[in-house]
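The structure under discussion appears below in the form of structure tokens.
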Amino acid sequence: YYINNTHEAIITREEFEKVQELIEQRKHSNKDLIKNYPLSKKVYCGECGSLFKRRLKNEKSYWICREHYYNAENCRTKPILEQVFYTAFMTMYNKLKANYSVIFTPMLTQLQELKNKKYGSNKQYIEINKAIAQLKEQTHVLSRLKTKGFLDENKYIEQITEINAKIEKLNREVRKIVRCDDEDEMIEQIKEIASIIENGTDLMTEFDDVMFESLIEKIIVKNQTEFEFNLIGGLKFTENSIDNCT
């Protein structure tokens with residue numbers, strides 16, 4: 001037989017229910033830790049700043065703002081289907097791919113011109129950049145000679161390695177002059193992103209988690225249908241989605 005309220009409880013019913021809720025939450029949290037998803041630790045709420053977490057509902061994957069999950073009164077951002085994020089990313093990628101020459105080529109040119117203008121009066125800076133340009137031209141010449149069969153593989157690798165070492169040494173000298181490694185790093189990261197997109201698929205029709213990881217630092221959910229993609233290197237692009245389901 002089971003008889004209620006025969007003795008004073010060690011903890012209250014309210015405390016017991018809260019503990020059970022915490023246990024259930026930790027079960028889900030442990031599952032998230034066991035399997036890392038492409039969106040894990042990348043999606044943030046634009047309203048309250050909280051990180052999103054993954055939840056399953058009716059056999060569908062959703063991402064929900066943690067603050068909204070625990071107290072909907074503190075944050076109005078509702079759950080968003082996982083596929084909505086994937087579709088928005090694919091749309092953004094396809095736009096960047098289709099407009100590569102319009103976006104990245106002038107951007108990198110302008111950044112380099114601004115940098116050169118800033119330090120253009122420094123004779124040492126000018127001379128070093130001339131030397132770098134000459135060394136890069138040598139690599140192009142060696143590449144053409146190898147392609148035409150005038151230079152064997154081992155000799156080509158040896159000379160290219162030596163030239164690249166000289167270029168890297170000169171680049172370090174440039175960084176000492178400008179004393180702005182953060183700016184240099186940003187330019188290099190944008191170059192890397194441009195290269196990834198340039199060499200990527202012409203049209204992304206299925207979500208590519210490797211491409212996503214290579215490009216995206218984080219996503220800010222502005223509202224239920226508007227996402228801000230923060231790319232590695234500081235670039236930001238906003239994408240809208242009309243396929244959102246809550």
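Chain labels run A, B, ... following the order of the structure tokens; each chain numbers its residues from 1, and ligands are numbered from 1 in the order shown.
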Which residues of range 79-154 of chain A have any atom within 10 Å of an atom in range 162-177 of chain A when counting only C-alpha atoms, and what is the closest pair of atoms for each, with the distance in Å to one decimal? Order the rows by chain and rising number and write it as a tab-separated table.
residue	atom	partner	partner_atom	distance
A:Tyr119	CA	A:Ile177	CA	8.6
A:Asn122	CA	A:Ile177	CA	8.8
A:Gln124	CA	A:Ile177	CA	8.4
A:Tyr125	CA	A:Val174	CA	6.3
A:Ile126	CA	A:Val174	CA	9.4
A:Ile128	CA	A:Leu170	CA	6.4
A:Asn129	CA	A:Val174	CA	7.9
A:Ala131	CA	A:Leu170	CA	8.0
A:Ile132	CA	A:Ile167	CA	5.8
A:Ala133	CA	A:Ile167	CA	9.0
A:Gln134	CA	A:Ile167	CA	9.7
A:Leu135	CA	A:Ile163	CA	6.4
A:Lys136	CA	A:Ile167	CA	8.0
A:Gln138	CA	A:Ile163	CA	8.1
A:Thr139	CA	A:Ile163	CA	7.4
For the selection you just gave me, I'd like the residues written to a file as a PDB file, in the first residue's frame, keeping N, CA and C atoms.
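Writing the result to result-v8.pdb gives the following:
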ATOM      1  N   TYR A 119      51.099  53.436 -45.609  1.00  0.00           N
ATOM      2  CA  TYR A 119      52.541  53.306 -45.396  1.00  0.00           C
ATOM      3  C   TYR A 119      53.340  53.581 -46.670  1.00  0.00           C
ATOM      4  N   ASN A 122      56.814  55.323 -46.626  1.00  0.00           N
ATOM      5  CA  ASN A 122      57.918  54.619 -45.966  1.00  0.00           C
ATOM      6  C   ASN A 122      58.738  53.899 -47.040  1.00  0.00           C
ATOM      7  N   GLN A 124      61.375  51.984 -46.881  1.00  0.00           N
ATOM      8  CA  GLN A 124      61.678  50.586 -46.589  1.00  0.00           C
ATOM      9  C   GLN A 124      60.487  49.692 -46.910  1.00  0.00           C
ATOM     10  N   TYR A 125      59.289  50.176 -46.564  1.00  0.00           N
ATOM     11  CA  TYR A 125      58.053  49.434 -46.852  1.00  0.00           C
ATOM     12  C   TYR A 125      57.896  49.228 -48.355  1.00  0.00           C
ATOM     13  N   ILE A 126      58.162  50.285 -49.136  1.00  0.00           N
ATOM     14  CA  ILE A 126      58.036  50.212 -50.594  1.00  0.00           C
ATOM     15  C   ILE A 126      59.032  49.212 -51.173  1.00  0.00           C
ATOM     16  N   ILE A 128      60.545  46.683 -49.718  1.00  0.00           N
ATOM     17  CA  ILE A 128      60.239  45.302 -49.341  1.00  0.00           C
ATOM     18  C   ILE A 128      59.102  44.742 -50.200  1.00  0.00           C
ATOM     19  N   ASN A 129      58.080  45.563 -50.433  1.00  0.00           N
ATOM     20  CA  ASN A 129      56.954  45.108 -51.253  1.00  0.00           C
ATOM     21  C   ASN A 129      57.365  44.876 -52.699  1.00  0.00           C
ATOM     22  N   ALA A 131      60.338  43.837 -53.559  1.00  0.00           N
ATOM     23  CA  ALA A 131      61.075  42.571 -53.504  1.00  0.00           C
ATOM     24  C   ALA A 131      60.121  41.381 -53.448  1.00  0.00           C
ATOM     25  N   ILE A 132      59.050  41.526 -52.688  1.00  0.00           N
ATOM     26  CA  ILE A 132      58.050  40.460 -52.596  1.00  0.00           C
ATOM     27  C   ILE A 132      57.406  40.218 -53.951  1.00  0.00           C
ATOM     28  N   ALA A 133      57.064  41.305 -54.655  1.00  0.00           N
ATOM     29  CA  ALA A 133      56.451  41.192 -55.976  1.00  0.00           C
ATOM     30  C   ALA A 133      57.381  40.481 -56.957  1.00  0.00           C
ATOM     31  N   GLN A 134      58.673  40.809 -56.889  1.00  0.00           N
ATOM     32  CA  GLN A 134      59.645  40.168 -57.776  1.00  0.00           C
ATOM     33  C   GLN A 134      59.773  38.678 -57.482  1.00  0.00           C
ATOM     34  N   LEU A 135      59.768  38.321 -56.213  1.00  0.00           N
ATOM     35  CA  LEU A 135      59.858  36.913 -55.835  1.00  0.00           C
ATOM     36  C   LEU A 135      58.617  36.135 -56.286  1.00  0.00           C
ATOM     37  N   LYS A 136      57.457  36.762 -56.166  1.00  0.00           N
ATOM     38  CA  LYS A 136      56.222  36.109 -56.612  1.00  0.00           C
ATOM     39  C   LYS A 136      56.231  35.911 -58.122  1.00  0.00           C
ATOM     40  N   GLN A 138      58.885  35.372 -59.830  1.00  0.00           N
ATOM     41  CA  GLN A 138      59.789  34.239 -60.041  1.00  0.00           C
ATOM     42  C   GLN A 138      59.060  32.909 -59.887  1.00  0.00           C
ATOM     43  N   THR A 139      58.143  32.849 -58.926  1.00  0.00           N
ATOM     44  CA  THR A 139      57.392  31.604 -58.743  1.00  0.00           C
ATOM     45  C   THR A 139      56.516  31.315 -59.960  1.00  0.00           C
TER      46      THR A 139
END
Identify, on the basis of only C-alpha atoms, every residue whose closest approach to range 61-66 of chain A does not exceed 9 Å; exclude the query and any residue fewer than 2 positions from it along the same chain; express the result as a CSV table (one decimal) with N, CA, C and O atoms, in the first residue's frame.
chain,number,residue,atom,x,y,z
A,39,LEU,N,25.8,23.4,-36.1
A,39,LEU,CA,25.3,24.6,-35.5
A,39,LEU,C,25.7,24.8,-34.0
A,39,LEU,O,25.5,25.8,-33.5
A,43,VAL,N,25.1,29.5,-32.9
A,43,VAL,CA,23.9,30.3,-33.1
A,43,VAL,C,23.6,31.1,-31.9
A,43,VAL,O,23.4,30.5,-30.8
A,44,TYR,N,23.4,32.4,-32.0
A,44,TYR,CA,23.1,33.3,-30.9
A,44,TYR,C,21.9,34.1,-31.1
A,44,TYR,O,21.5,34.5,-32.2
A,45,CYS,N,21.2,34.4,-30.0
A,45,CYS,CA,19.9,35.2,-30.1
A,45,CYS,C,20.2,36.7,-30.2
A,45,CYS,O,21.0,37.2,-29.4
A,48,CYS,N,18.4,38.6,-26.8
A,48,CYS,CA,19.0,38.5,-25.5
A,48,CYS,C,20.4,38.1,-25.4
A,48,CYS,O,21.1,38.1,-24.4
A,49,GLY,N,21.0,37.6,-26.6
A,49,GLY,CA,22.4,37.3,-26.6
A,49,GLY,C,22.7,35.8,-26.2
A,49,GLY,O,23.9,35.4,-26.2
A,50,SER,N,21.7,35.1,-25.8
A,50,SER,CA,21.9,33.7,-25.4
A,50,SER,C,22.3,32.8,-26.6
A,50,SER,O,21.9,33.0,-27.7
A,51,LEU,N,23.0,31.7,-26.2
A,51,LEU,CA,23.3,30.7,-27.2
A,51,LEU,C,22.1,29.8,-27.4
A,51,LEU,O,21.3,29.5,-26.5
A,52,PHE,N,21.9,29.3,-28.7
A,52,PHE,CA,20.9,28.4,-29.0
A,52,PHE,C,21.3,27.0,-28.7
A,52,PHE,O,22.5,26.7,-28.7
A,53,LYS,N,20.3,26.1,-28.4
A,53,LYS,CA,20.6,24.7,-28.2
A,53,LYS,C,19.6,23.9,-29.1
A,53,LYS,O,18.5,24.4,-29.4
A,54,ARG,N,20.0,22.7,-29.3
A,54,ARG,CA,19.2,21.8,-30.2
A,54,ARG,C,18.2,21.0,-29.4
A,54,ARG,O,18.5,20.5,-28.4
A,55,ARG,N,17.0,20.9,-30.0
A,55,ARG,CA,15.9,20.1,-29.4
A,55,ARG,C,15.1,19.3,-30.5
A,55,ARG,O,15.0,19.8,-31.7
A,56,LEU,N,14.6,18.2,-30.2
A,56,LEU,CA,13.8,17.4,-31.1
A,56,LEU,C,12.3,17.5,-30.7
A,56,LEU,O,12.0,17.4,-29.5
A,57,LYS,N,11.5,17.7,-31.7
A,57,LYS,CA,10.1,17.8,-31.5
A,57,LYS,C,9.4,17.2,-32.7
A,57,LYS,O,9.6,17.6,-33.8
A,58,ASN,N,8.5,16.2,-32.4
A,58,ASN,CA,7.8,15.5,-33.5
A,58,ASN,C,8.8,15.0,-34.6
A,58,ASN,O,8.5,15.2,-35.8
A,59,GLU,N,9.9,14.5,-34.2
A,59,GLU,CA,10.9,13.9,-35.1
A,59,GLU,C,11.6,14.9,-36.0
A,59,GLU,O,12.1,14.6,-37.0
A,68,HIS,N,14.8,31.8,-23.9
A,68,HIS,CA,13.4,31.5,-24.2
A,68,HIS,C,12.9,30.2,-23.7
A,68,HIS,O,11.8,30.0,-23.2
A,69,TYR,N,13.8,29.2,-23.8
A,69,TYR,CA,13.5,27.8,-23.4
A,69,TYR,C,13.2,27.8,-21.9
A,69,TYR,O,12.2,27.1,-21.4
A,70,TYR,N,14.0,28.5,-21.1
A,70,TYR,CA,13.8,28.4,-19.6
A,70,TYR,C,12.7,29.4,-19.1
A,70,TYR,O,12.1,29.2,-18.1
A,71,ASN,N,12.6,30.6,-19.8
A,71,ASN,CA,11.6,31.6,-19.4
A,71,ASN,C,11.2,32.4,-20.7
A,71,ASN,O,11.9,33.4,-21.0
A,75,CYS,N,12.5,36.4,-23.3
A,75,CYS,CA,12.9,36.4,-24.7
A,75,CYS,C,11.8,35.9,-25.6
A,75,CYS,O,11.3,34.8,-25.4
A,77,THR,N,12.1,35.2,-28.9
A,77,THR,CA,12.6,34.4,-30.0
A,77,THR,C,12.1,33.0,-29.9
A,77,THR,O,12.5,32.3,-29.0
A,78,LYS,N,11.4,32.5,-30.9
A,78,LYS,CA,10.8,31.2,-30.9
A,78,LYS,C,11.8,30.2,-31.5
A,78,LYS,O,12.7,30.5,-32.2
A,79,PRO,N,11.5,28.9,-31.3
A,79,PRO,CA,12.3,27.8,-32.0
A,79,PRO,C,12.3,27.9,-33.5
A,79,PRO,O,11.4,28.4,-34.1
A,80,ILE,N,13.5,27.5,-34.1
A,80,ILE,CA,13.6,27.6,-35.5
A,80,ILE,C,14.1,26.2,-36.0
A,80,ILE,O,15.0,25.6,-35.4
A,81,LEU,N,13.5,25.8,-37.1
A,81,LEU,CA,13.9,24.5,-37.7
A,81,LEU,C,15.3,24.5,-38.1
A,81,LEU,O,15.8,25.5,-38.7
A,82,GLU,N,16.0,23.4,-37.8
A,82,GLU,CA,17.4,23.3,-38.2
A,82,GLU,C,17.6,23.5,-39.7
A,82,GLU,O,18.6,24.2,-40.1
A,83,GLN,N,16.7,22.9,-40.5
A,83,GLN,CA,16.9,23.0,-41.9
A,83,GLN,C,16.8,24.5,-42.4
A,83,GLN,O,17.3,24.8,-43.5
A,246,THR,N,7.7,27.2,-36.6
A,246,THR,CA,7.9,27.2,-35.2
A,246,THR,C,7.2,26.0,-34.5
A,246,THR,O,6.3,25.4,-35.1
Legend entry - Which residue of A:Lys155, A:Asp202, A:Ala72, A:Glu239 approaches Lys222 in chain A most closely, using only C-alpha atoms: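 Looking at the shortest contact to Lys222 in chain A, the residue is A:Glu239.
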Legend entry - alpha helix (DSSP H) call set, DSSP backbone run, range 26-235 of chain A, as a ChimeraX atom specification: /A:26-34,66-70,82-98,100-118,123-147,153-178,181-198,209-215
Inset, instruction - Would you mind listing what lies within 8 Å of Asp209 in chain A as a PyMOL selection string, with only C-alpha atoms counted and same-chain residues fewer than 3 positions away left out? - result: chain A and resi 38+212-213
Inset, instruction - Write out as a PyMOL selection string which residues come within 10 Å of Asn199 in chain A when counting only C-alpha atoms, dropping same-chain ones fewer than 5 positions away. - result: chain A and resi 97+193-194
Legend entry - Between CA of Ile216 in chain A and CA of Phe89 in chain A - distance in Å to one decimal: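 Between CA of Phe89 in chain A and CA of Ile216 in chain A the gap is 9.2 Å.
Contact shell of range 105-113 of chain A at 8 Å (only C-alpha atoms; same-chain neighbours under 5 positions omitted): Tyr100, Ile187, Ile190 and Lys191 of chain A.
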Using DSSP on the backbone, list every residue of range 2-231 of chain A that comes out as strand (DSSP E or B), and give them as a PDB file with C-alpha atoms, in the first residue's frame.
ATOM      1  CA  VAL A  43      23.884  30.335 -33.123  1.00  0.00           C
ATOM      2  CA  TYR A  44      23.149  33.328 -30.866  1.00  0.00           C
ATOM      3  CA  CYS A  45      19.939  35.166 -30.087  1.00  0.00           C
ATOM      4  CA  LEU A  51      23.305  30.682 -27.193  1.00  0.00           C
ATOM      5  CA  PHE A  52      20.865  28.415 -29.021  1.00  0.00           C
ATOM      6  CA  LYS A  53      20.587  24.703 -28.249  1.00  0.00           C
ATOM      7  CA  ARG A  54      19.215  21.786 -30.236  1.00  0.00           C
ATOM      8  CA  ARG A  55      15.914  20.088 -29.434  1.00  0.00           C
ATOM      9  CA  LEU A  56      13.819  17.364 -31.078  1.00  0.00           C
ATOM     10  CA  LYS A  57      10.071  17.751 -31.482  1.00  0.00           C
ATOM     11  CA  LYS A  60      12.123  17.280 -36.314  1.00  0.00           C
ATOM     12  CA  SER A  61      15.267  19.125 -35.196  1.00  0.00           C
ATOM     13  CA  TYR A  62      14.845  22.642 -33.838  1.00  0.00           C
ATOM     14  CA  TRP A  63      17.237  25.203 -32.380  1.00  0.00           C
ATOM     15  CA  ILE A  64      15.937  27.285 -29.509  1.00  0.00           C
ATOM     16  CA  CYS A  65      17.265  30.257 -27.527  1.00  0.00           C
ATOM     17  CA  ILE A  80      13.627  27.606 -35.520  1.00  0.00           C
ATOM     18  CA  LEU A  81      13.860  24.501 -37.655  1.00  0.00           C
ATOM     19  CA  ILE A 216      31.083  30.589 -40.493  1.00  0.00           C
ATOM     20  CA  GLU A 217      32.206  31.875 -37.102  1.00  0.00           C
ATOM     21  CA  LYS A 218      28.711  32.485 -35.710  1.00  0.00           C
ATOM     22  CA  ILE A 219      25.093  33.258 -36.623  1.00  0.00           C
ATOM     23  CA  ILE A 220      23.034  36.011 -35.016  1.00  0.00           C
ATOM     24  CA  VAL A 221      19.273  35.429 -35.133  1.00  0.00           C
ATOM     25  CA  LYS A 222      17.841  38.900 -35.739  1.00  0.00           C
ATOM     26  CA  ASN A 223      14.287  37.581 -35.813  1.00  0.00           C
ATOM     27  CA  GLU A 226      16.469  37.093 -40.591  1.00  0.00           C
ATOM     28  CA  PHE A 227      19.929  35.716 -39.817  1.00  0.00           C
ATOM     29  CA  GLU A 228      23.277  37.517 -39.729  1.00  0.00           C
ATOM     30  CA  PHE A 229      26.106  35.216 -40.810  1.00  0.00           C
ATOM     31  CA  ASN A 230      29.447  36.265 -39.311  1.00  0.00           C
ATOM     32  CA  LEU A 231      32.211  34.872 -41.485  1.00  0.00           C
TER      33      LEU A 231
END
